[in-house]
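File shown: my_file26.txt (compact mmCIF, C-alpha atoms and all ligand atoms).
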# COMPACT_ATOMS: atom_id res chain seq x y z
CA MET P 1 -218.45 -278.75 70.03
CA ALA P 2 -218.15 -276.12 67.35
CA ASN P 3 -217.95 -272.43 68.11
CA ILE P 4 -218.56 -269.76 65.54
CA ASN P 5 -215.80 -267.35 64.56
CA ASN P 6 -216.71 -264.50 66.87
CA ASN P 7 -214.94 -261.96 64.69
CA PHE P 8 -218.01 -262.04 62.44
CA SER P 9 -220.11 -260.61 65.26
CA LYS P 10 -217.74 -257.63 65.44
CA LEU P 11 -218.76 -256.52 61.94
CA ALA P 12 -220.94 -253.43 62.15
CA ALA P 13 -224.25 -254.36 60.51
CA GLY P 14 -224.19 -254.38 56.69
CA TYR P 15 -226.22 -251.23 56.80
CA LEU P 16 -225.80 -249.35 53.55
CA PHE P 17 -227.40 -251.29 50.70
CA PRO P 18 -230.17 -252.94 52.78
CA GLU P 19 -231.08 -249.50 54.15
CA ILE P 20 -231.19 -248.04 50.62
CA ALA P 21 -233.50 -250.88 49.60
CA ARG P 22 -235.68 -250.38 52.69
CA ARG P 23 -236.18 -246.65 52.09
CA THR P 24 -236.70 -247.16 48.36
CA ASN P 25 -239.31 -249.89 48.87
CA SER P 26 -241.19 -247.97 51.50
CA PHE P 27 -241.37 -244.94 49.17
CA LEU P 28 -242.62 -247.19 46.35
CA GLN P 29 -245.32 -248.62 48.59
CA GLU P 30 -246.65 -245.13 49.25
CA HIS P 31 -246.25 -244.09 45.60
CA PRO P 32 -246.77 -247.23 43.51
CA ASP P 33 -246.99 -245.33 40.21
CA VAL P 34 -243.64 -243.60 40.49
CA GLU P 35 -240.82 -244.83 38.25
CA LEU P 36 -237.56 -244.55 40.17
CA MET P 37 -234.28 -243.82 38.42
CA LYS P 38 -231.09 -245.37 39.78
CA LEU P 39 -227.73 -243.63 39.85
CA GLY P 40 -226.59 -245.62 42.82
CA ILE P 41 -225.08 -248.83 41.66
CA GLY P 42 -221.46 -249.68 40.95
CA ASN P 43 -222.44 -252.30 38.42
CA THR P 44 -221.90 -252.29 34.67
CA THR P 45 -224.94 -252.20 32.36
CA GLU P 46 -223.74 -252.33 28.73
CA ALA P 47 -223.36 -255.48 26.61
CA LEU P 48 -220.06 -257.31 26.16
CA SER P 49 -218.24 -256.20 23.04
CA LYS P 50 -217.84 -258.26 19.87
CA THR P 51 -214.21 -259.37 20.18
CA LEU P 52 -214.73 -260.57 23.73
CA VAL P 53 -217.94 -262.43 22.91
CA GLU P 54 -216.32 -264.15 19.90
CA ALA P 55 -213.31 -265.24 21.95
CA MET P 56 -215.51 -266.72 24.66
CA LYS P 57 -217.74 -268.48 22.10
CA ASP P 58 -214.63 -269.95 20.45
CA LYS P 59 -213.40 -271.18 23.81
CA LEU P 60 -216.75 -272.81 24.44
CA ASP P 61 -216.51 -274.53 21.03
CA GLN P 62 -213.06 -275.86 21.97
CA LEU P 63 -214.45 -277.18 25.23
CA SER P 64 -217.24 -278.91 23.29
CA ASN P 65 -214.74 -281.07 21.43
CA ARG P 66 -212.63 -283.78 23.09
CA GLU P 67 -209.67 -282.98 20.81
CA THR P 68 -209.48 -279.43 22.10
CA TYR P 69 -211.05 -279.79 25.52
CA THR P 70 -209.04 -278.55 28.53
CA GLY P 71 -209.75 -278.86 32.25
CA TYR P 72 -207.84 -277.12 35.02
CA GLY P 73 -205.55 -274.48 33.60
CA ASP P 74 -202.02 -273.29 34.40
CA GLU P 75 -201.06 -272.44 37.97
CA GLN P 76 -201.43 -268.69 38.60
CA GLY P 77 -203.65 -268.42 35.49
CA ASP P 78 -203.37 -269.01 31.76
CA THR P 79 -199.75 -268.33 30.75
CA GLN P 80 -200.72 -266.49 27.57
CA LEU P 81 -202.99 -264.21 29.58
CA ARG P 82 -200.29 -263.47 32.16
CA VAL P 83 -197.80 -262.70 29.38
CA ALA P 84 -200.35 -260.42 27.71
CA LEU P 85 -200.96 -258.62 31.01
CA LYS P 86 -197.22 -258.21 31.57
CA ASP P 87 -196.87 -256.78 28.05
CA TYR P 88 -199.79 -254.44 28.67
CA TYR P 89 -198.03 -252.94 31.70
CA LYS P 90 -195.09 -252.06 29.44
CA ASN P 91 -197.36 -249.37 27.97
CA TYR P 92 -197.06 -247.58 31.31
CA GLY P 93 -193.32 -248.16 31.42
CA VAL P 94 -193.72 -250.92 34.00
CA GLU P 95 -191.51 -254.01 33.64
CA LEU P 96 -192.88 -257.05 35.44
CA ASP P 97 -192.45 -260.78 35.02
CA ALA P 98 -195.37 -263.09 34.13
CA THR P 99 -194.60 -265.07 37.32
CA GLU P 100 -195.53 -261.98 39.32
CA PHE P 101 -199.13 -262.10 38.01
CA PHE P 102 -201.87 -264.19 39.60
CA VAL P 103 -205.12 -264.45 37.63
CA SER P 104 -208.25 -264.60 39.78
CA ASP P 105 -212.00 -264.56 39.43
CA GLY P 106 -212.12 -260.90 40.42
CA ALA P 107 -210.48 -258.22 42.48
CA LYS P 108 -212.85 -258.30 45.41
CA ALA P 109 -211.91 -261.76 46.66
CA ASP P 110 -208.21 -260.97 46.23
CA ALA P 111 -208.67 -257.72 48.17
CA ALA P 112 -210.33 -259.74 50.94
CA ASN P 113 -207.83 -262.62 50.96
CA ILE P 114 -204.50 -260.80 50.60
CA GLN P 115 -204.37 -259.88 54.30
CA GLU P 116 -203.95 -263.60 55.11
CA LEU P 117 -200.29 -263.22 54.12
CA PHE P 118 -199.60 -260.88 57.02
CA SER P 119 -199.44 -261.46 60.74
CA LYS P 120 -202.53 -261.05 62.84
CA ASP P 121 -201.02 -258.23 64.90
CA SER P 122 -200.43 -256.04 61.83
CA ILE P 123 -201.63 -252.46 62.24
CA VAL P 124 -203.77 -251.68 59.21
CA ALA P 125 -204.56 -248.28 57.67
CA PHE P 126 -207.53 -247.51 55.42
CA GLN P 127 -208.71 -244.55 53.44
CA ASP P 128 -211.88 -243.05 54.89
CA PRO P 129 -214.27 -243.32 53.03
CA ALA P 130 -213.41 -246.67 51.42
CA TYR P 131 -214.71 -249.69 49.52
CA PRO P 132 -215.90 -251.86 52.45
CA VAL P 133 -214.07 -255.14 51.73
CA TYR P 134 -210.67 -253.89 52.98
CA VAL P 135 -211.98 -253.07 56.44
CA ASP P 136 -214.37 -256.00 56.75
CA SER P 137 -211.79 -258.66 55.78
CA ASN P 138 -209.48 -257.34 58.49
CA VAL P 139 -212.31 -257.40 61.04
CA VAL P 140 -213.02 -261.04 60.25
CA ALA P 141 -209.29 -261.82 60.45
CA GLY P 142 -209.36 -260.61 64.05
CA ARG P 143 -207.26 -257.44 63.80
CA THR P 144 -209.69 -255.40 65.92
CA GLU P 145 -211.53 -255.75 69.23
CA GLY P 146 -214.64 -254.36 67.59
CA TYR P 147 -216.47 -251.26 66.47
CA ASP P 148 -215.90 -248.23 68.66
CA LYS P 149 -218.86 -245.85 68.48
CA GLU P 150 -216.94 -242.92 69.91
CA LYS P 151 -214.14 -243.34 67.37
CA GLN P 152 -216.72 -244.05 64.64
CA GLY P 153 -214.48 -246.84 63.52
CA TYR P 154 -212.93 -250.14 64.60
CA SER P 155 -210.41 -250.24 67.43
CA ASN P 156 -206.76 -250.65 66.32
CA PHE P 157 -207.56 -249.59 62.76
CA VAL P 158 -205.97 -246.42 61.43
CA TYR P 159 -208.27 -244.25 59.32
CA LEU P 160 -206.81 -241.83 56.81
CA PRO P 161 -209.46 -239.15 56.20
CA CYS P 162 -210.07 -238.12 52.60
CA THR P 163 -211.75 -234.73 52.69
CA GLU P 164 -212.28 -231.59 50.63
CA GLU P 165 -209.30 -230.06 52.46
CA ASN P 166 -206.88 -232.69 51.18
CA ASN P 167 -208.60 -233.12 47.81
CA PHE P 168 -209.68 -236.60 48.95
CA VAL P 169 -206.08 -237.81 48.93
CA PRO P 170 -204.97 -239.03 52.35
CA GLU P 171 -201.91 -237.82 54.23
CA ILE P 172 -199.34 -240.50 55.00
CA PRO P 173 -199.99 -242.13 58.40
CA GLN P 174 -198.84 -240.13 61.43
CA SER P 175 -198.06 -243.32 63.34
CA LYS P 176 -196.30 -246.52 62.29
CA VAL P 177 -198.62 -248.84 60.38
CA ASP P 178 -197.90 -252.16 58.68
CA LEU P 179 -200.49 -252.50 55.92
CA ILE P 180 -202.03 -249.66 53.91
CA TYR P 181 -204.97 -250.06 51.54
CA LEU P 182 -205.12 -247.49 48.75
CA CYS P 183 -207.65 -247.31 45.92
CA SER P 184 -206.97 -244.96 43.00
CA PRO P 185 -209.05 -243.92 41.06
CA ASN P 186 -211.06 -244.11 44.24
CA ASN P 187 -214.39 -245.70 44.87
CA PRO P 188 -216.36 -243.79 46.20
CA THR P 189 -214.69 -240.33 45.92
CA GLY P 190 -213.47 -240.52 42.31
CA ALA P 191 -210.16 -238.98 43.42
CA VAL P 192 -206.97 -240.05 41.62
CA MET P 193 -203.57 -239.93 43.30
CA THR P 194 -200.72 -238.22 41.44
CA HIS P 195 -197.20 -239.66 41.10
CA GLN P 196 -196.01 -237.38 43.84
CA GLU P 197 -198.82 -238.33 46.22
CA LEU P 198 -198.27 -242.03 45.61
CA LYS P 199 -194.51 -241.57 45.97
CA ALA P 200 -195.04 -240.24 49.51
CA PHE P 201 -196.80 -243.49 50.41
CA VAL P 202 -194.20 -245.63 48.66
CA ASP P 203 -191.41 -243.85 50.54
CA TYR P 204 -193.29 -244.24 53.83
CA ALA P 205 -193.83 -247.95 53.16
CA ASN P 206 -190.20 -248.61 52.22
CA GLU P 207 -188.94 -246.70 55.28
CA ASN P 208 -191.29 -248.53 57.64
CA LYS P 209 -191.20 -251.95 55.93
CA ALA P 210 -194.95 -251.56 55.47
CA VAL P 211 -196.90 -253.06 52.55
CA ILE P 212 -199.32 -251.12 50.35
CA ILE P 213 -202.28 -252.97 48.87
CA PHE P 214 -203.16 -250.93 45.81
CA ASP P 215 -206.57 -251.41 44.20
CA SER P 216 -206.53 -250.06 40.65
CA ALA P 217 -209.86 -251.49 39.46
CA TYR P 218 -210.64 -248.18 37.71
CA SER P 219 -207.21 -247.56 36.14
CA GLU P 220 -208.65 -247.66 32.61
CA TYR P 221 -210.83 -244.64 33.45
CA ILE P 222 -207.77 -242.41 33.72
CA ILE P 223 -207.59 -240.17 30.69
CA ASP P 224 -205.05 -237.69 32.05
CA PRO P 225 -201.71 -239.14 30.85
CA SER P 226 -199.83 -237.55 33.75
CA LEU P 227 -201.68 -239.66 36.34
CA PRO P 228 -200.30 -243.10 37.31
CA ARG P 229 -202.45 -246.10 36.37
CA SER P 230 -200.25 -248.56 38.18
CA ILE P 231 -198.43 -248.05 41.47
CA TYR P 232 -195.35 -249.61 39.83
CA GLU P 233 -194.99 -246.45 37.75
CA VAL P 234 -193.67 -245.00 40.99
CA GLU P 235 -190.03 -245.71 41.74
CA GLY P 236 -189.55 -248.05 44.68
CA ALA P 237 -193.06 -249.51 44.59
CA LYS P 238 -192.01 -253.06 43.69
CA SER P 239 -190.40 -253.56 47.07
CA CYS P 240 -193.46 -252.42 49.03
CA ALA P 241 -196.68 -252.80 47.01
CA ILE P 242 -199.16 -255.40 45.85
CA GLU P 243 -201.52 -254.34 43.04
CA ILE P 244 -205.02 -255.71 42.48
CA ASN P 245 -206.99 -255.10 39.29
CA SER P 246 -209.90 -256.53 37.35
CA PHE P 247 -211.62 -256.77 33.99
CA SER P 248 -214.94 -255.90 35.69
CA LYS P 249 -215.14 -252.20 35.05
CA ASN P 250 -213.26 -251.77 31.76
CA ALA P 251 -214.45 -254.90 29.91
CA GLY P 252 -217.85 -255.21 31.58
CA PHE P 253 -216.83 -258.47 33.31
CA THR P 254 -218.71 -257.83 36.57
CA GLY P 255 -220.72 -260.98 35.82
CA VAL P 256 -218.15 -262.92 33.76
CA ARG P 257 -215.59 -262.62 36.65
CA LEU P 258 -211.88 -262.11 35.98
CA GLY P 259 -209.15 -260.18 37.75
CA TRP P 260 -205.48 -260.33 38.69
CA THR P 261 -203.09 -259.56 41.49
CA ILE P 262 -199.43 -258.63 41.14
CA VAL P 263 -197.03 -259.71 43.86
CA PRO P 264 -193.54 -258.59 42.76
CA LYS P 265 -190.59 -260.83 43.58
CA GLU P 266 -188.85 -257.77 45.03
CA LEU P 267 -191.61 -257.26 47.60
CA VAL P 268 -190.37 -257.53 51.18
CA CYS P 269 -191.64 -256.79 54.65
CA GLN P 270 -190.02 -256.78 58.09
CA ASN P 271 -189.32 -260.52 58.26
CA SER P 272 -189.24 -261.66 54.64
CA GLU P 273 -186.64 -261.92 51.92
CA PRO P 274 -187.46 -261.00 48.29
CA GLY P 275 -189.60 -263.71 46.66
CA VAL P 276 -191.13 -265.00 49.90
CA ILE P 277 -194.43 -263.10 49.69
CA ASN P 278 -194.76 -264.01 46.00
CA SER P 279 -194.32 -267.72 46.91
CA MET P 280 -196.77 -267.41 49.78
CA TRP P 281 -199.48 -265.99 47.52
CA ASN P 282 -198.77 -268.74 45.00
CA ARG P 283 -199.12 -271.33 47.77
CA ARG P 284 -202.28 -269.67 49.05
CA GLN P 285 -203.93 -269.51 45.62
CA CYS P 286 -202.89 -273.01 44.52
CA THR P 287 -204.20 -274.47 47.76
CA PHE P 288 -207.44 -272.54 48.22
CA PHE P 289 -208.38 -271.58 44.66
CA ASN P 290 -208.54 -273.60 41.44
CA GLY P 291 -208.31 -270.80 38.92
CA ALA P 292 -210.62 -268.50 37.01
CA SER P 293 -212.96 -269.95 34.39
CA ASN P 294 -211.09 -270.79 31.18
CA ILE P 295 -213.91 -269.12 29.22
CA ALA P 296 -213.47 -265.89 31.18
CA GLN P 297 -209.68 -266.09 30.68
CA ALA P 298 -210.14 -266.43 26.91
CA GLY P 299 -212.30 -263.32 27.07
CA GLY P 300 -209.68 -261.49 29.12
CA LEU P 301 -206.93 -262.41 26.67
CA SER P 302 -209.02 -261.04 23.80
CA ALA P 303 -209.66 -257.85 25.80
CA LEU P 304 -205.90 -257.24 25.62
CA SER P 305 -205.76 -257.70 21.81
CA GLY P 306 -205.84 -254.72 19.44
CA SER P 307 -209.57 -254.79 18.74
CA GLY P 308 -210.37 -255.83 22.31
CA LEU P 309 -208.51 -252.88 23.76
CA GLU P 310 -210.28 -250.53 21.37
CA GLU P 311 -213.70 -251.89 22.27
CA CYS P 312 -212.96 -251.67 26.00
CA LYS P 313 -211.90 -248.08 25.52
CA GLU P 314 -215.23 -247.38 23.82
CA LEU P 315 -217.09 -248.96 26.70
CA VAL P 316 -215.21 -246.82 29.22
CA SER P 317 -215.89 -243.72 27.08
CA TYR P 318 -219.59 -244.52 27.13
CA TYR P 319 -219.67 -244.55 30.93
CA MET P 320 -217.49 -241.45 31.06
CA GLY P 321 -220.04 -239.76 28.76
CA ASN P 322 -222.61 -240.53 31.43
CA ALA P 323 -220.27 -239.12 34.08
CA LYS P 324 -220.03 -235.86 32.15
CA ILE P 325 -223.82 -235.57 31.86
CA ILE P 326 -224.20 -236.22 35.59
CA LYS P 327 -221.47 -233.83 36.67
CA GLU P 328 -222.62 -231.00 34.41
CA GLY P 329 -226.24 -231.58 35.37
CA LEU P 330 -225.57 -231.49 39.10
CA GLU P 331 -223.29 -228.47 38.79
CA SER P 332 -225.98 -226.63 36.82
CA VAL P 333 -228.16 -226.70 39.94
CA ASN P 334 -225.22 -225.62 42.09
CA ILE P 335 -224.38 -228.97 43.62
CA VAL P 336 -220.63 -229.11 44.27
CA CYS P 337 -219.09 -232.15 42.54
CA TYR P 338 -215.74 -233.92 42.75
CA GLY P 339 -214.46 -236.87 40.72
CA GLY P 340 -216.18 -237.96 37.53
CA VAL P 341 -213.27 -237.00 35.28
CA ASN P 342 -210.76 -239.84 35.52
CA SER P 343 -213.26 -242.01 37.34
CA PRO P 344 -216.86 -243.19 36.86
CA TYR P 345 -217.94 -241.88 40.28
CA ILE P 346 -219.10 -238.38 41.10
CA TRP P 347 -218.71 -237.44 44.74
CA ALA P 348 -221.23 -234.68 45.31
CA LYS P 349 -221.55 -232.47 48.36
CA THR P 350 -224.96 -232.28 49.98
CA PRO P 351 -226.49 -228.79 49.88
CA ASN P 352 -226.96 -226.78 53.07
CA ASN P 353 -225.07 -229.20 55.23
CA MET P 354 -227.74 -231.90 54.87
CA THR P 355 -226.59 -235.33 56.01
CA SER P 356 -225.99 -237.92 53.32
CA TRP P 357 -229.22 -239.70 54.26
CA GLU P 358 -231.26 -236.48 54.33
CA PHE P 359 -230.15 -235.72 50.79
CA PHE P 360 -230.78 -239.32 49.79
CA ASP P 361 -234.39 -238.95 51.01
CA TYR P 362 -234.77 -235.59 49.30
CA LEU P 363 -233.59 -236.89 45.92
CA LEU P 364 -235.78 -239.97 46.32
CA ARG P 365 -238.95 -238.04 47.21
CA GLU P 366 -238.57 -234.92 45.07
CA CYS P 367 -236.63 -236.20 42.06
CA HIS P 368 -237.32 -239.96 42.14
CA VAL P 369 -233.60 -240.63 41.84
CA VAL P 370 -231.72 -243.18 43.95
CA ILE P 371 -228.07 -242.46 44.80
CA THR P 372 -225.68 -243.85 47.43
CA PRO P 373 -225.19 -241.94 50.71
CA GLY P 374 -221.51 -241.16 51.25
CA SER P 375 -221.67 -241.83 54.97
CA GLY P 376 -222.14 -245.53 54.15
CA PHE P 377 -218.46 -245.68 53.09
CA GLY P 378 -217.06 -244.28 56.35
CA PRO P 379 -217.41 -241.29 58.69
CA SER P 380 -215.58 -238.90 56.33
CA GLY P 381 -218.22 -239.68 53.70
CA GLU P 382 -220.83 -237.75 55.71
CA ASN P 383 -222.35 -234.79 53.82
CA PHE P 384 -221.55 -236.41 50.47
CA ILE P 385 -223.34 -238.71 48.06
CA ARG P 386 -221.86 -241.05 45.47
CA VAL P 387 -223.42 -240.83 42.04
CA SER P 388 -222.52 -243.63 39.67
CA SER P 389 -222.25 -243.31 35.90
CA TYR P 390 -223.11 -246.97 35.32
CA GLY P 391 -226.44 -247.08 33.54
CA HIS P 392 -228.02 -246.82 30.10
CA ARG P 393 -227.54 -243.34 28.64
CA GLU P 394 -231.27 -242.68 28.31
CA ASN P 395 -231.85 -243.51 31.98
CA VAL P 396 -228.98 -241.31 33.13
CA GLU P 397 -230.37 -238.45 31.03
CA LYS P 398 -233.85 -238.92 32.48
CA ALA P 399 -232.52 -238.95 36.03
CA ILE P 400 -230.49 -235.80 35.52
CA GLU P 401 -233.40 -234.01 33.81
CA SER P 402 -235.54 -234.87 36.81
CA ILE P 403 -232.95 -233.49 39.23
CA LYS P 404 -232.65 -230.30 37.17
CA GLU P 405 -236.42 -229.87 37.15
CA ASN P 406 -237.24 -230.81 40.70
CA PHE P 407 -234.22 -229.79 42.72
CA LYS P 408 -234.97 -226.55 44.44
CA ASN P 409 -232.18 -225.12 46.46
CA VAL P 410 -233.09 -226.93 49.61
CA ASN P 411 -233.32 -224.76 52.66
C1 LIG P 501 -215.79 -252.95 41.36
C2 LIG P 501 -214.58 -252.89 42.19
C3 LIG P 501 -213.65 -253.93 42.16
C4 LIG P 501 -213.82 -255.09 41.22
O1 LIG P 501 -214.23 -256.21 41.87
P1 LIG P 501 -214.43 -257.57 41.03
O2 LIG P 501 -214.48 -258.59 42.11
O3 LIG P 501 -213.22 -257.72 40.16
O4 LIG P 501 -215.69 -257.45 40.25
C5 LIG P 501 -212.53 -253.84 42.96
N1 LIG P 501 -212.30 -252.75 43.73
C6 LIG P 501 -213.16 -251.73 43.75
C7 LIG P 501 -212.85 -250.54 44.56
C8 LIG P 501 -214.34 -251.77 42.99
O5 LIG P 501 -215.19 -250.75 43.04
Please render this file's structure as structure tokens.
Amino acid sequence: MANINNNFSKLAAGYLFPEIARRTNSFLQEHPDVELMKLGIGNTTEALSKTLVEAMKDKLDQLSNRETYTGYGDEQGDTQLRVALKDYYKNYGVELDATEFFVSDGAKADAANIQELFSKDSIVAFQDPAYPVYVDSNVVAGRTEGYDKEKQGYSNFVYLPCTEENNFVPEIPQSKVDLIYLCSPNNPTGAVMTHQELKAFVDYANENKAVIIFDSAYSEYIIDPSLPRSIYEVEGAKSCAIEINSFSKNAGFTGVRLGWTIVPKELVCQNSEPGVINSMWNRRQCTFFNGASNIAQAGGLSALSGSGLEECKELVSYYMGNAKIIKEGLESVNIVCYGGVNSPYIWAKTPNNMTSWEFFDYLLRECHVVITPGSGFGPSGENFIRVSSYGHRENVEKAIESIKENFKNVN
């Protein structure tokens, strides 16, 4: 007699994107001739660059020939790729070993799976608002009794509000927590933590034998050289932090699929010696995962070459050009904007205290633009919207022109 994993039923309904689709479709049914413009999606839109395409085509040619064919690759990911990643971190002054890198098919699954390394009774802290996978994976793992309407969050979970008052950078937890998820540059707020702000978390984690799970999927969007791109730029981070990153947003690999996780040998927690957590993740990945596609890994390796890096930089600049157009456009009609400088997301405040969904409806009906309501990322996202700079330039321009023309200071 099988029983389902009841933790799944604790998940608050996947409300955000289905609800966006529902409202959008119902508007389109009433107004079939309207062409909607989307500034809502966190998905890349521009073509893969030349160096990356060539490398993946070459790999495919090798696979087409029995003399050069390869099957399963190296444990933890292609050795050359892990060495290239390690060398890349040296640019930030970070010294890591290739054995501390684990290549994956993307950051999202790693962000979901990493909590398996820690005991079920761990107290977990999250930024509010946050990318949903951190919270949901811990719900499914059974670390909460369920959603608490009064708390506007799950029982046992610690929420670290990110608000205008704290510049969308959370305070360190007031109580003792065991795991802390941080994402910088942040999706959805676009906020980037400084060295000093990250250092406060690193110190907290080392003092409390807590572990930070640091998602740096947007690190390549940081243009301000004073801001840390890796948590390991902060002294003491190797003993308390795991870093997760991806080729999705800087190389346009959202569909190709390639990422990596760093578990330093020095990392410890309450009941582990150095090296133990690294070995556990190795065991976990070797047992439950058979590696990223060798074609994707060839593409990733080329993305770290001279011309690859240059092309990826151009791609990021393209999206950041969109971000500038969006931010300036919204500000020109007096919408207060945050983010969008070292991050592809603009976190815009709703006018006149409208709720996120009210402003969503307004922009849909009056401007024919679809954005993402901030409240979908957590209670502190209320009264904000997330505007994404992923899109073709001409579409972004059209959407912003429409907002400029049709947005009337809503009263
Ligand atoms: C897009 C994104 C990722 C990347 O996920 P992949 O699985 O590598 O495509 C990770 N974290 C955040 C916060 C993201 O927005």
_Give me the residues near Val192 in chain P as an NGL selection string, where near means some atom within 9 Å (using only C-alpha atoms) and where sequence neighbours in that chain fewer than 4 positions away do not count._
:P and (168-169 or 183-186 or 222 or 227-228 or 339 or 342-343)
*Which chains and residue numbers are within 6 Å of ligand LIG 501 (chain P), counting all atoms listed in the file, if I want them as JSON, numbers by chain?*
{"P": [106, 107, 108, 131, 187, 215, 217, 246, 248, 254, 259]}
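Atom pair CA of Thr261 in chain P / CA of Phe102 in chain P has a distance of 5.1 Å (rounded to one decimal).
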*Taking into account only C-alpha atoms, which residue in the set P:Tyr232, P:Lys324, P:Glu35, P:Ala298 is nearest to Gly73 in chain P?*
P:Ala298
*How would you write as number ranges by chain the residues that get within 12 Å of (-200.4, -265.7, 25.1) in the file's frame, counting only C-alpha atoms?*
P: 77-88, 98, 297-298, 300-302, 304-305
_If we count only C-alpha atoms and set the cut-off at 12 Å, which residues sit around Gly153 in chain P, ignoring sequence neighbours fewer than 4 positions away in its own chain? Please answer as an MDAnalysis selection string._
chainID P and resid 10:12 125:129 135:136 139 144:149 157:161 377:380
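Counting only C-alpha atoms and comparing P:Ala55, P:Ala348, P:Ile403, P:Val124, the residue that lies closest to Tyr362 in chain P is P:Ile403.
With CA of Asn250 in chain P on one side and CA of Cys312 in chain P on the other, the separation reads 5.8 Å.
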*Quick one: residues within 12 Å of (-211.8, -256.0, 19.7) (file frame), counting all atoms listed in the file, please, as a PyMOL selection string.*
chain P and resi 48-55+251+299-315
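Minimum atom-to-atom distance to Asn5 in chain P, evaluated using only C-alpha atoms, belongs to P:Gly142 out of P:Glu100, P:Gly142, P:Ser272, P:Ala200.
For Phe407 in chain P, the residues within 12 Å (counting all atoms listed in the file, excluding itself and residues fewer than 2 positions away along the chain) are Gly329, Leu330, Glu331, Ser332, Val333, Asn334, Ile335, Pro351, Phe359, Tyr362, Leu363, Leu364, Arg365, Glu366, Cys367, His368, Val369, Ala399, Ile400, Glu401, Ser402, Ile403, Lys404, Glu405, Asn409, Val410 and Asn411 of chain P.
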Can you sort out range 297-309 of chain P so it carries N, CA and C atoms, written as a PDB file, in the frame of the given file?
ATOM      1  N   GLN P 297    -211.080-266.424  30.996  1.00  0.00           N
ATOM      2  CA  GLN P 297    -209.680-266.090  30.680  1.00  0.00           C
ATOM      3  C   GLN P 297    -209.490-265.881  29.180  1.00  0.00           C
ATOM      4  N   ALA P 298    -210.212-266.649  28.367  1.00  0.00           N
ATOM      5  CA  ALA P 298    -210.140-266.430  26.910  1.00  0.00           C
ATOM      6  C   ALA P 298    -210.690-265.042  26.582  1.00  0.00           C
ATOM      7  N   GLY P 299    -211.746-264.657  27.263  1.00  0.00           N
ATOM      8  CA  GLY P 299    -212.300-263.320  27.070  1.00  0.00           C
ATOM      9  C   GLY P 299    -211.316-262.248  27.498  1.00  0.00           C
ATOM     10  N   GLY P 300    -210.659-262.465  28.624  1.00  0.00           N
ATOM     11  CA  GLY P 300    -209.680-261.490  29.120  1.00  0.00           C
ATOM     12  C   GLY P 300    -208.512-261.329  28.167  1.00  0.00           C
ATOM     13  N   LEU P 301    -208.038-262.471  27.626  1.00  0.00           N
ATOM     14  CA  LEU P 301    -206.930-262.410  26.670  1.00  0.00           C
ATOM     15  C   LEU P 301    -207.343-261.585  25.441  1.00  0.00           C
ATOM     16  N   SER P 302    -208.572-261.790  24.976  1.00  0.00           N
ATOM     17  CA  SER P 302    -209.020-261.040  23.800  1.00  0.00           C
ATOM     18  C   SER P 302    -209.211-259.554  24.127  1.00  0.00           C
ATOM     19  N   ALA P 303    -209.504-259.255  25.402  1.00  0.00           N
ATOM     20  CA  ALA P 303    -209.660-257.850  25.800  1.00  0.00           C
ATOM     21  C   ALA P 303    -208.331-257.105  25.721  1.00  0.00           C
ATOM     22  N   LEU P 304    -207.228-257.864  25.704  1.00  0.00           N
ATOM     23  CA  LEU P 304    -205.900-257.240  25.620  1.00  0.00           C
ATOM     24  C   LEU P 304    -205.371-257.220  24.189  1.00  0.00           C
ATOM     25  N   SER P 305    -206.162-257.734  23.231  1.00  0.00           N
ATOM     26  CA  SER P 305    -205.760-257.700  21.810  1.00  0.00           C
ATOM     27  C   SER P 305    -206.087-256.313  21.257  1.00  0.00           C
ATOM     28  N   GLY P 306    -205.606-256.039  20.051  1.00  0.00           N
ATOM     29  CA  GLY P 306    -205.840-254.720  19.440  1.00  0.00           C
ATOM     30  C   GLY P 306    -207.306-254.323  19.436  1.00  0.00           C
ATOM     31  N   SER P 307    -208.166-255.179  18.842  1.00  0.00           N
ATOM     32  CA  SER P 307    -209.570-254.790  18.740  1.00  0.00           C
ATOM     33  C   SER P 307    -210.239-254.831  20.108  1.00  0.00           C
ATOM     34  N   GLY P 308    -209.803-255.752  20.967  1.00  0.00           N
ATOM     35  CA  GLY P 308    -210.370-255.830  22.310  1.00  0.00           C
ATOM     36  C   GLY P 308    -210.100-254.561  23.092  1.00  0.00           C
ATOM     37  N   LEU P 309    -208.866-254.096  23.038  1.00  0.00           N
ATOM     38  CA  LEU P 309    -208.510-252.880  23.760  1.00  0.00           C
ATOM     39  C   LEU P 309    -209.329-251.696  23.268  1.00  0.00           C
TER      40      LEU P 309
END
